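Structure data (mmCIF, C-alpha atoms) from target_38.cif:
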```cif
data_upload
loop_
_atom_site.label_atom_id
_atom_site.label_comp_id
_atom_site.auth_asym_id
_atom_site.auth_seq_id
_atom_site.Cartn_x
_atom_site.Cartn_y
_atom_site.Cartn_z
CA MET A 1 172.87 102.24 75.42
CA ALA A 2 170.34 103.25 78.05
CA ASN A 3 173.01 105.46 79.59
CA ILE A 4 173.52 107.28 76.32
CA ILE A 5 169.80 107.93 75.89
CA VAL A 6 169.54 109.28 79.44
CA PHE A 7 172.62 111.43 78.84
CA ALA A 8 171.09 112.83 75.64
CA ILE A 9 167.88 113.78 77.42
CA ILE A 10 169.81 115.43 80.26
CA ALA A 11 172.07 117.28 77.83
CA VAL A 12 169.12 118.66 75.89
CA VAL A 13 167.48 119.83 79.12
CA ILE A 14 170.71 121.45 80.34
CA ILE A 15 171.42 123.34 77.14
CA ALA A 16 167.82 124.44 76.56
CA ALA A 17 167.36 125.62 80.14
CA ALA A 18 170.74 127.37 80.17
CA LEU A 19 169.87 129.21 76.97
CA ALA A 20 166.51 130.15 78.46
CA ALA A 21 168.20 131.39 81.64
CA VAL A 22 170.52 133.61 79.64
CA PHE A 23 168.12 134.86 76.99
CA THR A 24 164.88 135.47 78.85
CA LYS A 25 164.50 139.08 79.84
CA ARG A 26 162.39 138.47 82.93
CA ILE A 27 164.54 137.80 85.94
CA MET A 28 162.14 135.40 87.65
CA ARG A 29 162.03 133.13 84.61
CA SER A 30 165.79 133.24 84.41
CA VAL A 31 166.09 131.91 87.95
CA THR A 32 163.51 129.20 87.26
CA ALA A 33 165.47 128.08 84.21
CA LEU A 34 168.61 127.99 86.38
CA LEU A 35 166.74 125.65 88.72
CA PHE A 36 166.12 123.28 85.82
CA VAL A 37 169.80 123.38 84.86
CA LEU A 38 170.77 122.49 88.43
CA PHE A 39 168.31 119.59 88.55
CA ALA A 40 169.63 118.23 85.27
CA ILE A 41 173.22 118.48 86.47
CA ALA A 42 172.26 116.50 89.57
CA GLY A 43 170.89 113.91 87.15
CA LEU A 44 174.26 113.89 85.40
CA TYR A 45 176.00 113.09 88.69
CA PHE A 46 173.54 110.25 89.30
CA LEU A 47 174.36 108.99 85.82
CA LEU A 48 178.05 108.98 86.74
CA ASP A 49 177.17 106.96 89.88
CA TYR A 50 178.15 109.80 92.16
CA THR A 51 174.94 109.60 94.17
CA PHE A 52 176.27 111.55 97.13
CA LEU A 53 177.33 114.37 94.84
CA GLY A 54 173.92 114.36 93.16
CA ALA A 55 172.21 114.57 96.55
CA ALA A 56 174.50 117.43 97.59
CA GLN A 57 173.78 119.23 94.35
CA LEU A 58 170.04 118.81 94.84
CA SER A 59 169.99 119.94 98.45
CA ILE A 60 172.56 122.74 98.34
CA TYR A 61 172.15 124.15 94.86
CA ALA A 62 168.62 123.34 93.81
CA GLY A 63 167.11 123.46 97.28
CA GLY A 64 169.10 126.15 99.03
CA MET A 65 170.55 128.55 96.56
CA THR A 66 167.57 129.00 94.26
CA MET A 67 165.59 129.74 97.40
CA ILE A 68 168.05 132.55 98.22
CA TYR A 69 167.68 133.94 94.71
CA ILE A 70 163.90 133.85 94.83
CA PHE A 71 163.88 135.52 98.24
CA ALA A 72 166.21 138.22 96.97
CA ILE A 73 163.99 138.89 93.97
CA GLN A 74 160.90 139.06 96.17
CA LEU A 75 162.68 141.36 98.62
CA LEU A 76 163.99 143.71 95.97
CA GLY A 77 160.61 145.23 95.43
CA ARG A 78 157.54 144.08 93.65
CA ARG A 79 157.42 146.75 91.02
CA ASP A 80 161.00 146.57 89.92
CA LEU A 81 162.17 143.03 89.48
CA GLN A 82 159.35 140.58 89.08
CA GLY A 83 158.17 142.17 85.90
CA TYR A 84 161.55 143.65 85.16
CA VAL A 85 162.41 143.75 81.47
CA GLU A 86 165.97 144.42 80.54
CA LYS A 87 167.15 146.17 77.43
CA LEU A 88 170.02 144.43 75.69
CA SER A 89 172.27 146.29 73.32
CA PHE A 90 172.46 144.59 69.95
CA LYS A 91 176.14 145.33 69.43
CA ARG A 92 177.16 143.80 72.74
CA THR A 93 175.04 140.74 72.11
CA VAL A 94 176.63 140.09 68.72
CA GLY A 95 180.12 140.63 70.11
CA ALA A 96 179.52 138.30 73.03
CA ALA A 97 178.02 135.66 70.72
CA ILE A 98 181.09 135.75 68.48
CA VAL A 99 183.49 135.60 71.43
CA SER A 100 181.70 132.71 73.11
CA PHE A 101 181.40 130.80 69.84
CA ILE A 102 185.13 131.11 69.14
CA GLY A 103 185.95 130.23 72.74
CA CYS A 104 183.68 127.20 72.68
CA ALA A 105 185.18 125.96 69.40
CA THR A 106 188.71 126.36 70.82
CA VAL A 107 187.95 124.53 74.06
CA VAL A 108 186.13 121.69 72.32
CA GLY A 109 188.97 121.40 69.80
CA VAL A 110 191.61 121.20 72.52
CA MET A 111 189.59 118.70 74.55
CA LEU A 112 188.94 116.37 71.63
CA LYS A 113 192.43 116.47 70.14
CA ASN A 114 194.06 115.55 73.41
CA PHE A 115 195.73 112.22 74.01
CA PHE A 116 194.53 111.66 77.53
CA ILE A 117 191.09 111.06 76.12
CA ASP A 118 192.36 107.69 74.84
CA LYS A 119 192.78 106.64 78.43
CA PHE A 120 189.04 106.65 78.75
CA MET A 121 188.01 103.41 80.33
CA SER A 122 184.71 101.82 80.86
CA VAL A 123 184.08 101.57 84.56
CA ALA A 124 181.70 99.21 86.20
CA ASP A 125 178.45 100.73 87.37
CA SER A 126 179.29 100.89 91.04
CA GLU A 127 178.76 103.73 93.44
CA VAL A 128 181.47 105.30 95.52
CA SER A 129 180.62 103.82 98.87
CA MET A 130 179.48 106.05 101.69
CA GLU A 131 182.17 104.70 104.03
CA LYS A 132 184.86 105.75 101.61
CA ILE A 133 183.45 109.27 101.34
CA GLY A 134 183.08 109.63 105.10
CA GLU A 135 186.58 108.38 105.81
CA ALA A 136 188.10 110.62 103.17
CA LEU A 137 186.23 113.66 104.48
CA VAL A 138 187.37 113.39 108.08
CA GLY A 139 190.70 111.59 107.74
CA SER A 140 194.04 113.35 107.88
CA GLU A 141 196.14 110.93 105.81
CA LYS A 142 197.17 111.43 102.22
CA TYR A 143 194.18 111.93 99.91
CA GLN A 144 191.95 112.68 102.85
CA TYR A 145 190.35 116.00 103.37
CA VAL A 146 189.83 117.00 106.96
CA LEU A 147 191.63 120.34 106.56
CA PRO A 148 189.53 121.67 103.65
CA PHE A 149 186.46 120.29 105.39
CA GLU A 150 187.18 122.32 108.52
CA PHE A 151 188.16 125.33 106.45
CA ILE A 152 184.89 125.25 104.58
CA SER A 153 182.92 125.20 107.82
CA LEU A 154 184.85 128.25 108.99
CA PHE A 155 184.34 129.84 105.60
CA LEU A 156 180.58 129.30 105.73
CA LEU A 157 180.46 130.86 109.19
CA ALA A 158 182.43 133.86 107.92
CA CYS A 159 180.03 134.16 104.99
CA ILE A 160 176.98 134.10 107.25
CA ILE A 161 178.43 136.87 109.41
CA GLY A 162 179.62 138.80 106.36
CA GLY A 163 176.21 138.53 104.72
CA LEU A 164 174.50 139.78 107.86
CA VAL A 165 176.90 142.70 108.21
CA VAL A 166 176.64 143.70 104.58
CA SER A 167 172.87 143.51 104.32
CA ARG A 168 172.14 145.16 107.66
CA ASN A 169 170.08 148.31 107.47
CA GLN A 170 172.60 150.98 108.26
CA LYS A 171 170.15 153.75 108.98
CA GLU A 172 169.18 152.20 112.28
CA ASP A 173 172.69 152.57 113.65
CA LYS A 174 172.71 156.32 113.77
CA MET B 175 179.07 104.14 79.72
CA VAL B 176 178.73 107.47 78.02
CA PRO B 177 181.91 108.44 76.16
CA VAL B 178 183.90 111.07 78.01
CA GLU B 179 183.88 113.41 74.99
CA CYS B 180 180.15 114.01 75.47
CA PHE B 181 180.75 115.40 78.95
CA PHE B 182 183.53 117.68 77.70
CA VAL B 183 181.43 119.08 74.87
CA LEU B 184 178.42 119.57 77.14
CA SER B 185 180.41 121.37 79.80
CA ALA B 186 182.17 123.56 77.22
CA ILE B 187 178.82 124.60 75.75
CA LEU B 188 177.40 125.30 79.22
CA PHE B 189 180.49 127.31 80.17
CA PHE B 190 180.27 129.54 77.14
CA ILE B 191 176.52 130.03 77.50
CA GLY B 192 177.42 131.35 80.96
CA VAL B 193 180.15 133.60 79.56
CA PHE B 194 177.72 134.93 76.97
CA GLY B 195 175.18 135.74 79.67
CA PHE B 196 177.78 137.36 81.88
CA VAL B 197 178.86 139.69 79.07
CA THR B 198 175.44 140.60 77.73
CA ARG B 199 173.24 140.90 80.80
CA ARG B 200 173.40 144.10 82.82
CA ASN B 201 171.28 143.03 85.74
CA LEU B 202 173.19 141.98 88.85
CA ILE B 203 171.09 138.91 89.60
CA ALA B 204 171.16 137.78 85.97
CA MET B 205 174.95 138.08 86.02
CA LEU B 206 175.05 135.97 89.18
CA VAL B 207 172.90 133.34 87.44
CA SER B 208 175.44 133.27 84.60
CA VAL B 209 178.27 132.80 87.08
CA GLU B 210 176.42 129.82 88.52
CA LEU B 211 176.19 128.31 85.03
CA ILE B 212 179.96 128.70 84.63
CA LEU B 213 180.67 127.10 88.02
CA ASN B 214 178.40 124.18 87.23
CA ALA B 215 180.13 123.58 83.91
CA VAL B 216 183.43 123.29 85.79
CA ASP B 217 181.87 120.90 88.31
CA ILE B 218 180.69 118.60 85.52
CA ASN B 219 184.24 118.50 84.19
CA PHE B 220 185.71 117.63 87.60
CA ALA B 221 183.27 114.77 88.08
CA ALA B 222 183.63 113.42 84.54
CA PHE B 223 187.44 113.55 84.60
CA ASN B 224 187.48 111.73 87.89
CA ARG B 225 184.91 109.10 87.01
CA LEU B 226 185.85 108.28 83.45
CA LEU B 227 189.59 108.88 83.30
CA PHE B 228 190.76 107.94 86.80
CA PRO B 229 188.10 105.96 88.65
CA GLU B 230 190.49 104.67 91.34
CA GLY B 231 190.89 108.11 92.91
CA ASN B 232 188.31 110.42 94.40
CA GLU B 233 189.94 113.82 93.96
CA GLY B 234 187.49 115.18 91.42
CA PHE B 235 184.59 114.07 93.58
CA PHE B 236 185.82 116.06 96.56
CA PHE B 237 186.76 119.04 94.42
CA THR B 238 183.19 119.16 93.17
CA LEU B 239 181.83 118.80 96.69
CA PHE B 240 183.95 121.68 98.00
CA SER B 241 183.22 123.77 94.94
CA ILE B 242 179.48 123.38 95.58
CA GLY B 243 179.99 124.54 99.18
CA VAL B 244 182.13 127.51 98.21
CA SER B 245 179.75 128.65 95.50
CA ALA B 246 176.81 128.49 97.91
CA ALA B 247 178.68 130.79 100.28
CA GLU B 248 179.72 133.05 97.41
CA SER B 249 176.19 133.45 96.17
CA ALA B 250 174.85 134.20 99.66
CA VAL B 251 177.34 137.04 100.10
CA ALA B 252 176.68 138.29 96.57
CA ILE B 253 172.93 138.37 97.23
CA ALA B 254 173.57 140.34 100.44
CA ILE B 255 175.66 142.85 98.49
CA ILE B 256 173.00 143.12 95.78
CA LEU B 257 170.31 143.80 98.38
CA ASN B 258 172.47 146.53 99.88
CA VAL B 259 173.24 148.04 96.47
CA TYR B 260 169.55 148.06 95.68
CA ARG B 261 168.78 149.79 98.95
CA LEU B 262 171.40 152.48 98.38
CA PHE B 263 171.16 153.09 94.64
CA LYS B 264 167.50 152.12 94.03
CA SER B 265 168.60 150.10 91.05
CA ASP B 266 170.04 146.69 90.36
CA SER B 267 171.79 147.38 87.10
CA VAL B 268 175.57 147.50 86.95
CA GLU B 269 175.46 150.86 85.19
CA ALA B 270 173.94 152.45 88.29
CA ILE B 271 176.97 151.64 90.40
CA ASP B 272 179.76 153.96 89.45
CA ASN B 273 181.06 154.77 92.91
CA LEU B 274 182.07 152.48 95.73
CA LYS B 275 180.83 155.09 98.19
CA LEU B 276 177.77 157.26 98.07
#
```

Please lay out the structure from this file as structure tokens.
Amino acid sequence: MANIIVFAIIAVVIIAAALAAVFTKRIMRSVTALLFVLFAIAGLYFLLDYTFLGAAQLSIYAGGMTMIYIFAIQLLGRRDLQGYVEKLSFKRTVGAAIVSFIGCATVVGVMLKNFFIDKFMSVADSEVSMEKIGEALVGSEKYQYVLPFEFISLFLLACIIGGLVVSRNQKEDK
Amino acid sequence: MVPVECFFVLSAILFFIGVFGFVTRRNLIAMLVSVELILNAVDINFAAFNRLLFPEGNEGFFFTLFSIGVSAAESAVAIAIILNVYRLFKSDSVEAIDNLKL
């Protein structure tokens, strides 16, 4: 019962903050609302007893990525973005609302009419142990993930170099 | 435990809020924020499927973990591109970018 109450609070926060992120016309507020969505999703992982995932979500998404966004907004010029107000076309808004409503109804319908949902089982409130996560991350057996783990480190390195190359000021080269 | 349907409905709503934002907003950073909403909706689904429908395995857990890492990298590169676009075109709206080259 307590779980359901916590879930309801988290769900309300997620949906309200997501709507705020999409609808507010000021870009800084939009990013702040995104931060609240990310925090609430970390709470959802804690609720599912995936504490490691919740911590990763907090440190990578909420701590790291929002910081990148805020830096980008600050760097893009004071006059332009912080008080930036966007004009939305009414026709596009109505069209997008209809499309997303139909899409949402379809997805929810498919999800709820499915049979695999009956396999839902009540699991005991126990965390995935840290040893299990560590062994699965660096093991090379079946259901262990050393290859994607190494790939993602390479990928992050490539992204750092790519980001530096792309955002370098090209006028200085000449 | 929370019934698994709640997670599905929540993530579907979050996903389509993101789609709505991606279609309506014309600002590059706002579109990136919408993409993050979509990615997070998918992550919720991975975790909920894994935890509530197949708790013996850990595949959904690691999918979510890797998806968080990949989306962090993706957003860093996207921010670098947006900074460069802003420097070249003096605008951050998608309508301003109609050529790949100046």

TODO: Using all atoms listed in the file, determine which residues of chain B fall within 8 Å of chain A; present them as number ranges by chain.
DONE: B: 175-179, 182-184, 186-188, 190-195, 197-201, 203-204, 207-208, 211, 214, 218, 221-222, 225-227, 229, 233, 235, 238-240, 242-244, 246-251, 253-255, 257-258, 260

- [ ] Find the residue from A:Leu154, A:Ile10, A:Ala20, A:Val110 that sits nearest to A:Phe46; use all atoms listed in the file when measuring.
- [x]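 Result for the nearest residue to A:Phe46: A:Ile10.
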
TODO: Identify which of the residues A:Lys113, A:Glu150, A:Glu127, A:Leu58 lies closest to A:Ala40, counting only C-alpha atoms when measuring atom-to-atom distances.
DONE: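 Once distances to A:Ala40 are computed over only C-alpha atoms, the minimum belongs to A:Leu58.
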
- [ ] Provide the atom CA of B:Asn224 to atom CA of A:Val146 distance in Å, to one decimal place.
- [x]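 Answer for the atom CA of B:Asn224 to atom CA of A:Val146 separation: 19.9 Å.
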
- [ ] Just give me the gap between atom CA of B:Ala252 and atom CA of A:Phe36 in Å, one decimal is fine.
- [x]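 Interatomic distance here is 21.3 Å.
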
Task: Atom-to-atom span, atom CA of B:Phe223 and atom CA of B:Phe237, Å - done: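 Atom-to-atom, atom CA of B:Phe223 and atom CA of B:Phe237 are spaced 11.3 Å apart.
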
Place N, CA and C atoms on stretch 250-263 of chain B and deliver the coordinates as a PDB file, keeping the file's coordinate frame.
```pdb
ATOM      1  N   ALA B 250     175.538 133.550  98.539  1.00  0.00           N
ATOM      2  CA  ALA B 250     174.850 134.200  99.660  1.00  0.00           C
ATOM      3  C   ALA B 250     175.404 135.588  99.897  1.00  0.00           C
ATOM      4  N   VAL B 251     176.741 135.719  99.885  1.00  0.00           N
ATOM      5  CA  VAL B 251     177.340 137.040 100.100  1.00  0.00           C
ATOM      6  C   VAL B 251     176.992 137.973  98.944  1.00  0.00           C
ATOM      7  N   ALA B 252     176.992 137.436  97.712  1.00  0.00           N
ATOM      8  CA  ALA B 252     176.680 138.290  96.570  1.00  0.00           C
ATOM      9  C   ALA B 252     175.248 138.801  96.653  1.00  0.00           C
ATOM     10  N   ILE B 253     174.327 137.929  97.092  1.00  0.00           N
ATOM     11  CA  ILE B 253     172.930 138.370  97.230  1.00  0.00           C
ATOM     12  C   ILE B 253     172.835 139.457  98.292  1.00  0.00           C
ATOM     13  N   ALA B 254     173.592 139.309  99.399  1.00  0.00           N
ATOM     14  CA  ALA B 254     173.570 140.340 100.440  1.00  0.00           C
ATOM     15  C   ALA B 254     174.060 141.664  99.869  1.00  0.00           C
ATOM     16  N   ILE B 255     175.138 141.617  99.079  1.00  0.00           N
ATOM     17  CA  ILE B 255     175.660 142.850  98.490  1.00  0.00           C
ATOM     18  C   ILE B 255     174.644 143.456  97.526  1.00  0.00           C
ATOM     19  N   ILE B 256     173.976 142.607  96.737  1.00  0.00           N
ATOM     20  CA  ILE B 256     173.000 143.120  95.780  1.00  0.00           C
ATOM     21  C   ILE B 256     171.836 143.797  96.506  1.00  0.00           C
ATOM     22  N   LEU B 257     171.391 143.181  97.609  1.00  0.00           N
ATOM     23  CA  LEU B 257     170.310 143.800  98.380  1.00  0.00           C
ATOM     24  C   LEU B 257     170.727 145.174  98.885  1.00  0.00           C
ATOM     25  N   ASN B 258     171.991 145.261  99.361  1.00  0.00           N
ATOM     26  CA  ASN B 258     172.470 146.530  99.880  1.00  0.00           C
ATOM     27  C   ASN B 258     172.599 147.567  98.764  1.00  0.00           C
ATOM     28  N   VAL B 259     173.110 147.135  97.614  1.00  0.00           N
ATOM     29  CA  VAL B 259     173.240 148.040  96.470  1.00  0.00           C
ATOM     30  C   VAL B 259     171.868 148.554  96.067  1.00  0.00           C
ATOM     31  N   TYR B 260     170.891 147.649  96.074  1.00  0.00           N
ATOM     32  CA  TYR B 260     169.550 148.060  95.680  1.00  0.00           C
ATOM     33  C   TYR B 260     168.993 149.075  96.661  1.00  0.00           C
ATOM     34  N   ARG B 261     169.294 148.870  97.948  1.00  0.00           N
ATOM     35  CA  ARG B 261     168.780 149.790  98.950  1.00  0.00           C
ATOM     36  C   ARG B 261     169.417 151.164  98.802  1.00  0.00           C
ATOM     37  N   LEU B 262     170.698 151.198  98.449  1.00  0.00           N
ATOM     38  CA  LEU B 262     171.400 152.480  98.380  1.00  0.00           C
ATOM     39  C   LEU B 262     171.173 153.194  97.050  1.00  0.00           C
ATOM     40  N   PHE B 263     171.186 152.441  95.949  1.00  0.00           N
ATOM     41  CA  PHE B 263     171.160 153.090  94.640  1.00  0.00           C
ATOM     42  C   PHE B 263     169.789 153.020  93.991  1.00  0.00           C
TER      43      PHE B 263
END
```
